[in-house]
Amino acid sequence: MSERRRVTWQALVGALLIMVLTACETGTPPVPPPSATEVPRAFTVGTTDAITATDPAAITDAASSTVAYNVFQRLTTVAPDSQAAKVDAARECKFDAPTVYVCTLLEGLVFHNGHALTSSDVQFSIERALRLDVAGTSTSLLSSLRRIETPDPLTVRFILSRVDTQFVWGLASPAASIVDEELYDPDAIRPVGESIIGSGPFRVSFHDPEQLQLARNPTYKGRSGAGVDGLVLRHFATSAELESAMLEHDVDVVWRGLGAAAVTRLQRQVEASDQDLTETGFAQVVLPGARVHQLMWRPESPNRQNEALRKVVAFALQEDRISESLLPDGIPGRVPTFPVGVTGATPSPSPQRIQLSLAYDPTAPDAADRANQLRSRLENTGLSVRLVQATPARTAEADLLLLDRKAWTSAAIAWLQPYLDDPVQPGPVTTELNKVRSSADPAVVDPALAAIQEYAAEDLVVLPMTQTDEVVFVAQGWLMDPTLLAPGHQLALWGLRRA
């Protein structure tokens, strides 16, 4: 190195050193080196709900139904507070005869992988769901189906075994979601880790236990087009983590997951705000009566057969019970059949202490507190109750299941399904159910629904508990249309858009 270059280099180093020292002495930080441009955070929906199934034929809970309703299509759909089904993947659906229901598909339907969606895929999907017949799914809503005919690629003919005015509601449920027959196994549930291919408004970009990344489906044809180009449905383990994400502005929408205390705090902030916002800029969207809790005896439980024990459990819940029917407020045909409040003497199940197990889903808001309260009530009657965690609760091998329910649709038989699938008195219940299915006349349907609710109050295998509002928080700059939800008030991502 030449002397001149050495001197120049030394002078440069010395100058830099003086600049650094000067900065340290004056408290002014040195200028940071240039960094790469930060990638904007994707539009994010936060929830504690956990997706445990991605195959529509295996979906038994509201959290997993988010996949079915947003990624897949069905022939029909229905608004959550409506009693009128509308077409979705179909151009038209109608009864050609009392037991023949015909749907004509929209032209040019394609799956996310580019495969054409035809009547053959519809037939494959529904027959597959009925063949797999996973307990707790919506397949029983399609039980009147005898066979399916597909005379051409756009026509689907459903031949029913009996008159069934409720069949169209079954076609709007997750089990009737249309899957690609070239991709899905006709005899096995598709594992969660495999690709999720539908034809709905959103396609899946990535999925793991922590998040579901979705992008707008550019080829979608149907009633529920996406309002955003993409989003992330992010799972949080606890209410505290979800509330912290709101404070840090790491989420744009909070769908379920916040505990009662957190919701109350945020609602008080909204009430105190001139702009009806929380301190961190979230508006609230209230879904009246959309959260329903029920307690269900697992059909396989040997203790379920003990009528005296069922009466003890039902009596123990009366003090805390708000709902008087398995049909929530607002559902046509609802009649009060379950007592509320403490009346009469506590029945005794047995001279010996009976051991029961109670399952709850820890991802549901306040589920642990509710389960412990139930245990306390039951043990005050002389029972012993062991709590079990399972997601969803239906998967647990427990005697009792605490359900945070959303029915597949707003139809009465969808709300009654857990009872109708396993009634203690199947004969008379089936007689009344056939009346409901065979007529659209309220003079026939309403008395039959009332009779079913009376039988449910006698059998005591599914018990109503509470019905409360669901509260969603939405950040400034975004909107959630409460009328654009899935058929049973499940999360419909197509209802989200910029303000």
# chains A, B, ... in the order shown; residues from 1 in each chain; ligands from 1
>>> select_by_dssp(residues="range 40-233 of chain A", states="strand (DSSP E or B)", output="ChimeraX atom specification")
/A:44-47,76-77,86-87,90-97,100-105,110,116,145-152,155-160,202-208,211-216,230-233
>>> select_by_dssp(residues="range 279-473 of chain A", states="alpha helix (DSSP H)", output="short mmCIF file (atom, residue, chain, number, x, y, z; two decimals) with all heavy atoms, in the first residue's frame")
data_model
loop_
_atom_site.label_atom_id
_atom_site.label_comp_id
_atom_site.auth_asym_id
_atom_site.auth_seq_id
_atom_site.Cartn_x
_atom_site.Cartn_y
_atom_site.Cartn_z
N GLU A 307 -81.84 -43.38 33.84
CA GLU A 307 -82.83 -42.29 33.81
C GLU A 307 -82.77 -41.43 35.06
O GLU A 307 -82.86 -40.20 34.99
CB GLU A 307 -84.24 -42.87 33.63
CG GLU A 307 -85.33 -41.81 33.57
CD GLU A 307 -86.72 -42.41 33.40
OE1 GLU A 307 -86.83 -43.64 33.33
OE2 GLU A 307 -87.69 -41.61 33.35
N ALA A 308 -82.61 -42.07 36.21
CA ALA A 308 -82.55 -41.32 37.47
C ALA A 308 -81.33 -40.39 37.48
O ALA A 308 -81.41 -39.25 37.95
CB ALA A 308 -82.48 -42.28 38.66
N LEU A 309 -80.22 -40.87 36.94
CA LEU A 309 -79.01 -40.06 36.89
C LEU A 309 -79.20 -38.87 35.94
O LEU A 309 -78.76 -37.75 36.24
CB LEU A 309 -77.83 -40.92 36.44
CG LEU A 309 -76.47 -40.23 36.34
CD1 LEU A 309 -76.08 -39.60 37.66
CD2 LEU A 309 -75.41 -41.23 35.87
N ARG A 310 -79.86 -39.09 34.83
CA ARG A 310 -80.12 -37.99 33.90
C ARG A 310 -80.96 -36.90 34.57
O ARG A 310 -80.75 -35.70 34.35
CB ARG A 310 -80.82 -38.49 32.63
CG ARG A 310 -80.02 -39.47 31.80
CD ARG A 310 -80.52 -39.54 30.37
NE ARG A 310 -81.94 -39.80 30.25
CZ ARG A 310 -82.52 -41.02 30.21
NH1 ARG A 310 -81.75 -42.10 30.28
NH2 ARG A 310 -83.82 -41.16 30.08
N LYS A 311 -81.91 -37.31 35.39
CA LYS A 311 -82.76 -36.34 36.10
C LYS A 311 -81.95 -35.53 37.11
O LYS A 311 -82.16 -34.33 37.27
CB LYS A 311 -83.92 -37.06 36.78
CG LYS A 311 -84.96 -37.61 35.82
CD LYS A 311 -86.10 -38.29 36.57
CE LYS A 311 -87.17 -38.79 35.59
NZ LYS A 311 -88.30 -39.46 36.30
N VAL A 312 -81.02 -36.20 37.78
CA VAL A 312 -80.16 -35.50 38.76
C VAL A 312 -79.33 -34.43 38.06
O VAL A 312 -79.22 -33.29 38.52
CB VAL A 312 -79.25 -36.50 39.50
CG1 VAL A 312 -78.19 -35.77 40.32
CG2 VAL A 312 -80.08 -37.39 40.40
N VAL A 313 -78.72 -34.81 36.94
CA VAL A 313 -77.88 -33.87 36.20
C VAL A 313 -78.71 -32.69 35.70
O VAL A 313 -78.30 -31.52 35.83
CB VAL A 313 -77.18 -34.59 35.03
CG1 VAL A 313 -76.49 -33.58 34.12
CG2 VAL A 313 -76.17 -35.60 35.56
N ALA A 314 -79.88 -32.97 35.16
CA ALA A 314 -80.74 -31.90 34.65
C ALA A 314 -81.17 -30.96 35.77
O ALA A 314 -81.18 -29.73 35.61
CB ALA A 314 -81.95 -32.49 33.95
N PHE A 315 -81.53 -31.52 36.92
CA PHE A 315 -81.96 -30.70 38.05
C PHE A 315 -80.83 -29.81 38.55
O PHE A 315 -81.05 -28.64 38.90
CB PHE A 315 -82.46 -31.60 39.19
CG PHE A 315 -82.97 -30.83 40.37
CD1 PHE A 315 -84.28 -30.39 40.41
CD2 PHE A 315 -82.13 -30.54 41.45
CE1 PHE A 315 -84.75 -29.68 41.51
CE2 PHE A 315 -82.60 -29.83 42.54
CZ PHE A 315 -83.91 -29.40 42.58
N ALA A 316 -79.62 -30.35 38.56
CA ALA A 316 -78.48 -29.59 39.05
C ALA A 316 -78.20 -28.34 38.22
O ALA A 316 -77.64 -27.37 38.72
CB ALA A 316 -77.24 -30.48 39.08
N LEU A 317 -78.61 -28.36 36.96
CA LEU A 317 -78.34 -27.24 36.07
C LEU A 317 -79.45 -26.19 36.05
O LEU A 317 -79.28 -25.13 35.47
CB LEU A 317 -78.12 -27.75 34.64
CG LEU A 317 -76.98 -28.75 34.43
CD1 LEU A 317 -76.84 -29.07 32.95
CD2 LEU A 317 -75.68 -28.20 34.98
N ALA A 367 -64.40 -21.56 28.76
CA ALA A 367 -64.88 -22.95 28.86
C ALA A 367 -64.45 -23.61 30.17
O ALA A 367 -65.23 -24.34 30.79
CB ALA A 367 -64.38 -23.76 27.67
N ALA A 368 -63.23 -23.37 30.61
CA ALA A 368 -62.74 -23.98 31.86
C ALA A 368 -63.57 -23.50 33.04
O ALA A 368 -63.93 -24.29 33.93
CB ALA A 368 -61.26 -23.67 32.06
N ASP A 369 -63.89 -22.20 33.07
CA ASP A 369 -64.69 -21.67 34.17
C ASP A 369 -66.08 -22.29 34.17
O ASP A 369 -66.63 -22.63 35.22
CB ASP A 369 -64.80 -20.14 34.06
CG ASP A 369 -63.47 -19.44 34.32
OD1 ASP A 369 -62.58 -20.07 34.93
OD2 ASP A 369 -63.33 -18.27 33.90
N ARG A 370 -66.67 -22.41 32.99
CA ARG A 370 -68.00 -23.00 32.90
C ARG A 370 -67.98 -24.46 33.34
O ARG A 370 -68.89 -24.93 34.05
CB ARG A 370 -68.53 -22.90 31.48
CG ARG A 370 -68.88 -21.49 31.04
CD ARG A 370 -69.40 -21.47 29.61
NE ARG A 370 -69.71 -20.11 29.18
CZ ARG A 370 -70.85 -19.48 29.42
NH1 ARG A 370 -71.81 -20.12 30.07
NH2 ARG A 370 -71.05 -18.25 29.02
N ALA A 371 -66.96 -25.19 32.91
CA ALA A 371 -66.87 -26.60 33.27
C ALA A 371 -66.71 -26.77 34.78
O ALA A 371 -67.32 -27.66 35.39
CB ALA A 371 -65.70 -27.25 32.53
N ASN A 372 -65.90 -25.92 35.39
CA ASN A 372 -65.72 -26.01 36.85
C ASN A 372 -67.00 -25.65 37.59
O ASN A 372 -67.31 -26.24 38.63
CB ASN A 372 -64.57 -25.10 37.28
CG ASN A 372 -63.21 -25.77 37.14
OD1 ASN A 372 -62.89 -26.69 37.88
ND2 ASN A 372 -62.43 -25.31 36.18
N GLN A 373 -67.75 -24.69 37.07
CA GLN A 373 -69.02 -24.34 37.68
C GLN A 373 -70.01 -25.50 37.58
O GLN A 373 -70.71 -25.82 38.54
CB GLN A 373 -69.61 -23.10 37.02
CG GLN A 373 -70.93 -22.64 37.64
CD GLN A 373 -71.49 -21.42 36.96
OE1 GLN A 373 -70.99 -20.97 35.93
NE2 GLN A 373 -72.56 -20.86 37.52
N LEU A 374 -70.04 -26.14 36.41
CA LEU A 374 -70.91 -27.31 36.26
C LEU A 374 -70.50 -28.42 37.21
O LEU A 374 -71.35 -29.07 37.82
CB LEU A 374 -70.85 -27.81 34.81
CG LEU A 374 -71.56 -26.98 33.76
CD1 LEU A 374 -71.32 -27.56 32.37
CD2 LEU A 374 -73.05 -26.93 34.04
N ARG A 375 -69.20 -28.66 37.30
CA ARG A 375 -68.74 -29.71 38.22
C ARG A 375 -69.19 -29.41 39.65
O ARG A 375 -69.65 -30.31 40.36
CB ARG A 375 -67.22 -29.83 38.18
CG ARG A 375 -66.69 -30.75 39.29
CD ARG A 375 -65.32 -31.26 39.05
NE ARG A 375 -64.30 -30.23 39.04
CZ ARG A 375 -63.02 -30.49 38.81
NH1 ARG A 375 -62.62 -31.75 38.59
NH2 ARG A 375 -62.13 -29.52 38.81
N SER A 376 -69.07 -28.15 40.05
CA SER A 376 -69.48 -27.78 41.40
C SER A 376 -70.95 -28.06 41.63
O SER A 376 -71.35 -28.63 42.67
CB SER A 376 -69.17 -26.30 41.64
OG SER A 376 -69.62 -25.90 42.92
N ARG A 377 -71.78 -27.70 40.65
CA ARG A 377 -73.22 -27.95 40.77
C ARG A 377 -73.51 -29.45 40.86
O ARG A 377 -74.33 -29.89 41.68
CB ARG A 377 -73.95 -27.36 39.58
CG ARG A 377 -73.89 -25.85 39.45
CD ARG A 377 -74.61 -25.17 40.57
NE ARG A 377 -74.72 -23.74 40.34
CZ ARG A 377 -74.98 -22.85 41.28
NH1 ARG A 377 -75.15 -23.25 42.54
NH2 ARG A 377 -75.08 -21.56 40.99
N LEU A 378 -72.85 -30.22 40.03
CA LEU A 378 -73.11 -31.67 40.00
C LEU A 378 -72.61 -32.35 41.26
O LEU A 378 -73.27 -33.25 41.80
CB LEU A 378 -72.46 -32.28 38.76
CG LEU A 378 -73.06 -31.86 37.42
CD1 LEU A 378 -72.22 -32.39 36.25
CD2 LEU A 378 -74.51 -32.34 37.28
N GLU A 379 -71.46 -31.94 41.74
CA GLU A 379 -70.91 -32.59 42.94
C GLU A 379 -71.70 -32.22 44.20
O GLU A 379 -71.68 -32.97 45.18
CB GLU A 379 -69.43 -32.25 43.09
CG GLU A 379 -68.58 -32.91 42.01
CD GLU A 379 -67.09 -32.86 42.28
OE1 GLU A 379 -66.66 -31.98 43.05
OE2 GLU A 379 -66.36 -33.72 41.73
N ALA A 412 -84.76 -25.43 12.32
CA ALA A 412 -85.04 -26.04 13.62
C ALA A 412 -84.42 -27.42 13.75
O ALA A 412 -83.85 -27.77 14.79
CB ALA A 412 -86.56 -26.12 13.84
N ILE A 413 -84.50 -28.24 12.69
CA ILE A 413 -83.98 -29.61 12.82
C ILE A 413 -82.45 -29.61 12.91
O ILE A 413 -81.86 -30.55 13.44
CB ILE A 413 -84.45 -30.52 11.68
CG1 ILE A 413 -83.98 -30.03 10.31
CG2 ILE A 413 -85.96 -30.69 11.71
CD1 ILE A 413 -84.20 -31.05 9.23
N ALA A 414 -81.80 -28.56 12.41
CA ALA A 414 -80.35 -28.47 12.57
C ALA A 414 -80.00 -28.21 14.03
O ALA A 414 -79.03 -28.77 14.56
CB ALA A 414 -79.78 -27.37 11.68
N TRP A 415 -80.77 -27.37 14.70
CA TRP A 415 -80.54 -27.14 16.13
C TRP A 415 -80.90 -28.37 16.96
O TRP A 415 -80.28 -28.63 18.00
CB TRP A 415 -81.36 -25.93 16.60
CG TRP A 415 -80.68 -24.63 16.32
CD1 TRP A 415 -81.00 -23.69 15.39
CD2 TRP A 415 -79.52 -24.13 16.99
NE1 TRP A 415 -80.11 -22.65 15.43
CE2 TRP A 415 -79.19 -22.88 16.41
CE3 TRP A 415 -78.72 -24.62 18.04
CZ2 TRP A 415 -78.11 -22.11 16.84
CZ3 TRP A 415 -77.64 -23.85 18.46
CH2 TRP A 415 -77.34 -22.61 17.88
N LEU A 416 -81.88 -29.11 16.52
CA LEU A 416 -82.31 -30.30 17.26
C LEU A 416 -81.47 -31.54 16.93
O LEU A 416 -81.66 -32.59 17.55
CB LEU A 416 -83.78 -30.60 16.96
CG LEU A 416 -84.80 -29.58 17.48
CD1 LEU A 416 -86.18 -29.85 16.87
CD2 LEU A 416 -84.86 -29.61 19.00
N GLN A 417 -80.56 -31.44 15.99
CA GLN A 417 -79.85 -32.61 15.49
C GLN A 417 -79.16 -33.45 16.57
O GLN A 417 -79.29 -34.69 16.54
CB GLN A 417 -78.82 -32.20 14.43
CG GLN A 417 -78.09 -33.41 13.83
CD GLN A 417 -76.93 -33.02 12.92
OE1 GLN A 417 -76.89 -31.91 12.41
NE2 GLN A 417 -75.99 -33.92 12.75
N PRO A 418 -78.42 -32.87 17.54
CA PRO A 418 -77.79 -33.73 18.55
C PRO A 418 -78.78 -34.61 19.30
O PRO A 418 -78.45 -35.73 19.69
CB PRO A 418 -77.12 -32.72 19.49
CG PRO A 418 -76.89 -31.52 18.64
CD PRO A 418 -78.07 -31.46 17.73
N TYR A 419 -79.99 -34.09 19.50
CA TYR A 419 -81.02 -34.91 20.14
C TYR A 419 -81.63 -35.88 19.15
O TYR A 419 -81.81 -37.08 19.45
CB TYR A 419 -82.11 -34.02 20.73
CG TYR A 419 -83.31 -34.80 21.21
CD1 TYR A 419 -83.20 -35.67 22.29
CD2 TYR A 419 -84.54 -34.71 20.57
CE1 TYR A 419 -84.29 -36.42 22.72
CE2 TYR A 419 -85.64 -35.44 20.99
CZ TYR A 419 -85.51 -36.30 22.07
OH TYR A 419 -86.58 -37.05 22.49
N LEU A 420 -81.97 -35.41 17.94
CA LEU A 420 -82.62 -36.28 16.96
C LEU A 420 -81.75 -37.45 16.54
O LEU A 420 -82.26 -38.51 16.17
CB LEU A 420 -83.00 -35.45 15.72
CG LEU A 420 -84.06 -34.36 15.93
CD1 LEU A 420 -84.21 -33.53 14.67
CD2 LEU A 420 -85.39 -34.99 16.33
N PRO A 426 -87.03 -43.21 20.31
CA PRO A 426 -86.90 -43.01 18.86
C PRO A 426 -88.20 -43.13 18.08
O PRO A 426 -88.40 -42.43 17.08
CB PRO A 426 -85.90 -44.10 18.44
CG PRO A 426 -85.98 -45.13 19.52
CD PRO A 426 -86.28 -44.39 20.77
N GLY A 427 -89.09 -44.00 18.52
CA GLY A 427 -90.33 -44.22 17.78
C GLY A 427 -91.17 -42.96 17.64
O GLY A 427 -91.42 -42.46 16.53
N PRO A 428 -91.66 -42.42 18.75
CA PRO A 428 -92.51 -41.22 18.65
C PRO A 428 -91.76 -39.99 18.12
O PRO A 428 -92.35 -39.16 17.44
CB PRO A 428 -92.99 -40.99 20.09
CG PRO A 428 -92.04 -41.76 20.95
CD PRO A 428 -91.58 -42.92 20.13
N VAL A 429 -90.46 -39.89 18.41
CA VAL A 429 -89.68 -38.76 17.91
C VAL A 429 -89.59 -38.82 16.38
O VAL A 429 -89.76 -37.80 15.69
CB VAL A 429 -88.27 -38.74 18.53
CG1 VAL A 429 -87.38 -37.73 17.82
CG2 VAL A 429 -88.36 -38.41 20.01
N THR A 430 -89.36 -40.01 15.84
CA THR A 430 -89.29 -40.17 14.38
C THR A 430 -90.63 -39.84 13.73
O THR A 430 -90.68 -39.23 12.65
CB THR A 430 -88.87 -41.61 14.02
OG1 THR A 430 -87.58 -41.87 14.59
CG2 THR A 430 -88.81 -41.80 12.52
N THR A 431 -91.72 -40.21 14.38
CA THR A 431 -93.05 -39.90 13.85
C THR A 431 -93.24 -38.39 13.71
O THR A 431 -93.72 -37.90 12.67
CB THR A 431 -94.14 -40.47 14.77
OG1 THR A 431 -94.03 -41.90 14.81
CG2 THR A 431 -95.54 -40.08 14.26
N GLU A 432 -92.84 -37.65 14.74
CA GLU A 432 -92.98 -36.20 14.69
C GLU A 432 -92.00 -35.57 13.69
O GLU A 432 -92.33 -34.61 12.99
CB GLU A 432 -92.78 -35.60 16.09
CG GLU A 432 -93.77 -36.07 17.13
CD GLU A 432 -95.22 -35.78 16.76
OE1 GLU A 432 -95.46 -34.76 16.08
OE2 GLU A 432 -96.10 -36.56 17.15
N LEU A 433 -90.79 -36.13 13.63
CA LEU A 433 -89.80 -35.61 12.68
C LEU A 433 -90.28 -35.78 11.25
O LEU A 433 -90.08 -34.90 10.40
CB LEU A 433 -88.46 -36.32 12.88
CG LEU A 433 -87.33 -35.91 11.94
CD1 LEU A 433 -87.05 -34.41 12.03
CD2 LEU A 433 -86.07 -36.70 12.24
N ASN A 434 -90.92 -36.90 10.96
CA ASN A 434 -91.45 -37.12 9.60
C ASN A 434 -92.52 -36.10 9.25
O ASN A 434 -92.65 -35.69 8.09
CB ASN A 434 -92.00 -38.54 9.48
CG ASN A 434 -90.90 -39.59 9.43
OD1 ASN A 434 -89.75 -39.27 9.13
ND2 ASN A 434 -91.24 -40.83 9.75
N LYS A 435 -93.29 -35.66 10.24
CA LYS A 435 -94.28 -34.61 10.00
C LYS A 435 -93.59 -33.30 9.63
O LYS A 435 -94.04 -32.58 8.74
CB LYS A 435 -95.15 -34.41 11.24
CG LYS A 435 -96.04 -35.59 11.60
CD LYS A 435 -96.81 -35.31 12.87
CE LYS A 435 -97.64 -36.52 13.31
NZ LYS A 435 -98.35 -36.25 14.60
N VAL A 436 -92.49 -33.00 10.32
CA VAL A 436 -91.75 -31.78 10.03
C VAL A 436 -91.20 -31.82 8.61
O VAL A 436 -91.28 -30.84 7.86
CB VAL A 436 -90.60 -31.59 11.03
CG1 VAL A 436 -89.74 -30.38 10.65
CG2 VAL A 436 -91.15 -31.41 12.44
N ARG A 437 -90.67 -32.98 8.24
CA ARG A 437 -90.05 -33.11 6.91
C ARG A 437 -91.09 -33.12 5.79
O ARG A 437 -90.80 -32.69 4.68
CB ARG A 437 -89.23 -34.41 6.85
CG ARG A 437 -87.98 -34.41 7.72
CD ARG A 437 -87.18 -35.68 7.49
NE ARG A 437 -85.98 -35.77 8.30
CZ ARG A 437 -84.81 -35.20 7.99
NH1 ARG A 437 -84.72 -34.47 6.90
NH2 ARG A 437 -83.76 -35.34 8.77
N SER A 438 -92.26 -33.60 6.07
CA SER A 438 -93.23 -33.84 5.00
C SER A 438 -94.06 -32.62 4.63
O SER A 438 -94.82 -32.66 3.65
CB SER A 438 -94.17 -34.98 5.38
OG SER A 438 -94.97 -34.61 6.50
N PRO A 442 -96.98 -24.38 8.54
CA PRO A 442 -96.74 -24.18 9.98
C PRO A 442 -97.78 -24.88 10.86
O PRO A 442 -97.46 -25.28 11.99
CB PRO A 442 -96.80 -22.66 10.14
CG PRO A 442 -96.45 -22.11 8.79
CD PRO A 442 -97.03 -23.09 7.82
N ALA A 443 -98.99 -25.04 10.36
CA ALA A 443 -100.03 -25.71 11.14
C ALA A 443 -99.68 -27.17 11.38
O ALA A 443 -100.16 -27.78 12.35
CB ALA A 443 -101.37 -25.60 10.42
N VAL A 444 -98.85 -27.74 10.52
CA VAL A 444 -98.39 -29.13 10.68
C VAL A 444 -97.02 -29.17 11.37
O VAL A 444 -96.78 -29.95 12.29
CB VAL A 444 -98.30 -29.84 9.31
CG1 VAL A 444 -97.72 -31.24 9.46
CG2 VAL A 444 -99.67 -29.89 8.65
N VAL A 445 -96.13 -28.28 10.93
CA VAL A 445 -94.75 -28.31 11.39
C VAL A 445 -94.61 -27.88 12.85
O VAL A 445 -93.92 -28.54 13.65
CB VAL A 445 -93.87 -27.42 10.48
CG1 VAL A 445 -92.46 -27.30 11.06
CG2 VAL A 445 -93.82 -27.99 9.08
N ASP A 446 -95.25 -26.79 13.23
CA ASP A 446 -95.06 -26.24 14.58
C ASP A 446 -95.50 -27.20 15.69
O ASP A 446 -94.77 -27.38 16.68
CB ASP A 446 -95.78 -24.90 14.71
CG ASP A 446 -95.08 -23.79 13.91
OD1 ASP A 446 -93.97 -24.04 13.41
OD2 ASP A 446 -95.66 -22.69 13.79
N PRO A 447 -96.68 -27.84 15.59
CA PRO A 447 -97.03 -28.82 16.63
C PRO A 447 -96.07 -30.00 16.70
O PRO A 447 -95.78 -30.52 17.79
CB PRO A 447 -98.44 -29.27 16.22
CG PRO A 447 -98.98 -28.17 15.39
CD PRO A 447 -97.80 -27.62 14.65
N ALA A 448 -95.55 -30.41 15.54
CA ALA A 448 -94.59 -31.52 15.53
C ALA A 448 -93.29 -31.10 16.20
O ALA A 448 -92.69 -31.88 16.98
CB ALA A 448 -94.34 -31.99 14.10
N LEU A 449 -92.82 -29.89 15.91
CA LEU A 449 -91.60 -29.39 16.57
C LEU A 449 -91.81 -29.27 18.07
O LEU A 449 -90.91 -29.58 18.87
CB LEU A 449 -91.20 -28.04 15.99
CG LEU A 449 -90.59 -28.05 14.58
CD1 LEU A 449 -90.39 -26.62 14.10
CD2 LEU A 449 -89.27 -28.81 14.58
N ALA A 450 -93.00 -28.80 18.46
CA ALA A 450 -93.29 -28.69 19.89
C ALA A 450 -93.25 -30.06 20.57
O ALA A 450 -92.72 -30.20 21.68
CB ALA A 450 -94.66 -28.04 20.09
N ALA A 451 -93.79 -31.07 19.90
CA ALA A 451 -93.78 -32.43 20.47
C ALA A 451 -92.36 -32.94 20.62
O ALA A 451 -92.02 -33.56 21.64
CB ALA A 451 -94.60 -33.36 19.58
N ILE A 452 -91.50 -32.68 19.63
CA ILE A 452 -90.11 -33.11 19.72
C ILE A 452 -89.42 -32.44 20.90
O ILE A 452 -88.66 -33.08 21.65
CB ILE A 452 -89.36 -32.79 18.41
CG1 ILE A 452 -89.90 -33.67 17.28
CG2 ILE A 452 -87.86 -33.02 18.57
CD1 ILE A 452 -89.35 -33.30 15.91
N GLN A 453 -89.70 -31.15 21.10
CA GLN A 453 -89.09 -30.45 22.23
C GLN A 453 -89.59 -31.00 23.57
O GLN A 453 -88.84 -31.02 24.55
CB GLN A 453 -89.36 -28.95 22.10
CG GLN A 453 -88.63 -28.32 20.92
CD GLN A 453 -89.12 -26.92 20.62
OE1 GLN A 453 -88.70 -25.96 21.28
NE2 GLN A 453 -90.00 -26.78 19.64
N GLU A 454 -90.83 -31.42 23.60
CA GLU A 454 -91.37 -32.05 24.82
C GLU A 454 -90.67 -33.38 25.10
O GLU A 454 -90.32 -33.68 26.24
CB GLU A 454 -92.88 -32.26 24.69
CG GLU A 454 -93.70 -30.98 24.66
CD GLU A 454 -93.79 -30.30 26.02
OE1 GLU A 454 -93.31 -30.87 27.01
OE2 GLU A 454 -94.34 -29.17 26.05
N TYR A 455 -90.47 -34.18 24.04
CA TYR A 455 -89.75 -35.44 24.22
C TYR A 455 -88.32 -35.19 24.69
O TYR A 455 -87.78 -35.94 25.52
CB TYR A 455 -89.74 -36.23 22.91
CG TYR A 455 -91.07 -36.88 22.57
CD1 TYR A 455 -91.68 -36.65 21.34
CD2 TYR A 455 -91.71 -37.73 23.48
CE1 TYR A 455 -92.90 -37.24 21.02
CE2 TYR A 455 -92.93 -38.32 23.16
CZ TYR A 455 -93.51 -38.07 21.93
OH TYR A 455 -94.73 -38.66 21.64
N ALA A 456 -87.70 -34.15 24.16
CA ALA A 456 -86.33 -33.83 24.58
C ALA A 456 -86.28 -33.49 26.06
O ALA A 456 -85.32 -33.86 26.77
CB ALA A 456 -85.79 -32.66 23.75
N ALA A 457 -87.32 -32.79 26.57
CA ALA A 457 -87.37 -32.44 27.98
C ALA A 457 -87.65 -33.66 28.86
O ALA A 457 -87.34 -33.66 30.05
CB ALA A 457 -88.43 -31.37 28.21
N GLU A 458 -88.24 -34.69 28.27
CA GLU A 458 -88.46 -35.95 29.01
C GLU A 458 -87.19 -36.80 29.00
O GLU A 458 -86.82 -37.38 30.02
CB GLU A 458 -89.61 -36.73 28.38
CG GLU A 458 -90.97 -36.09 28.52
CD GLU A 458 -92.04 -36.88 27.78
OE1 GLU A 458 -91.76 -38.03 27.36
OE2 GLU A 458 -93.17 -36.36 27.62
N ASP A 459 -86.52 -36.86 27.86
CA ASP A 459 -85.35 -37.73 27.73
C ASP A 459 -84.13 -37.18 28.46
O ASP A 459 -83.31 -37.96 28.99
CB ASP A 459 -85.00 -37.93 26.25
CG ASP A 459 -86.02 -38.78 25.52
OD1 ASP A 459 -86.92 -39.34 26.19
OD2 ASP A 459 -85.92 -38.89 24.29
#
>>> residues_around(residues="Ile51 in chain A", least_positions_apart="2", cutoff="8 Å", atoms="only C-alpha atoms", output="JSON, numbers by chain")
{"A": [49, 53, 54, 63, 64, 209]}
>>> residues_around(residues="range 109-121 of chain A", least_positions_apart="3", cutoff="8 Å", atoms="only C-alpha atoms", output="list in words")
Ala89, Leu105, Leu106, Phe124, Ser125, Thr150, Asp152, Pro153, Leu154, Thr155, Val156, Ile178, Val179, Asp180, Glu181, Ile197, Gly198, Ser199, Arg203, Asn217, Thr219, Tyr220 and Lys221 of chain A
>>> closest_residue(among="A:Ala240, A:Ala290, A:Ala57, A:Ile331", to="Leu485 in chain A", atoms="only C-alpha atoms")
A:Ala290
>>> atom_distance(atom1="CA of Ala261 in chain A", atom2="CA of Ser273 in chain A")
18.7 Å
>>> atom_distance(atom1="CA of Val385 in chain A", atom2="CA of Ala407 in chain A")
27.5 Å
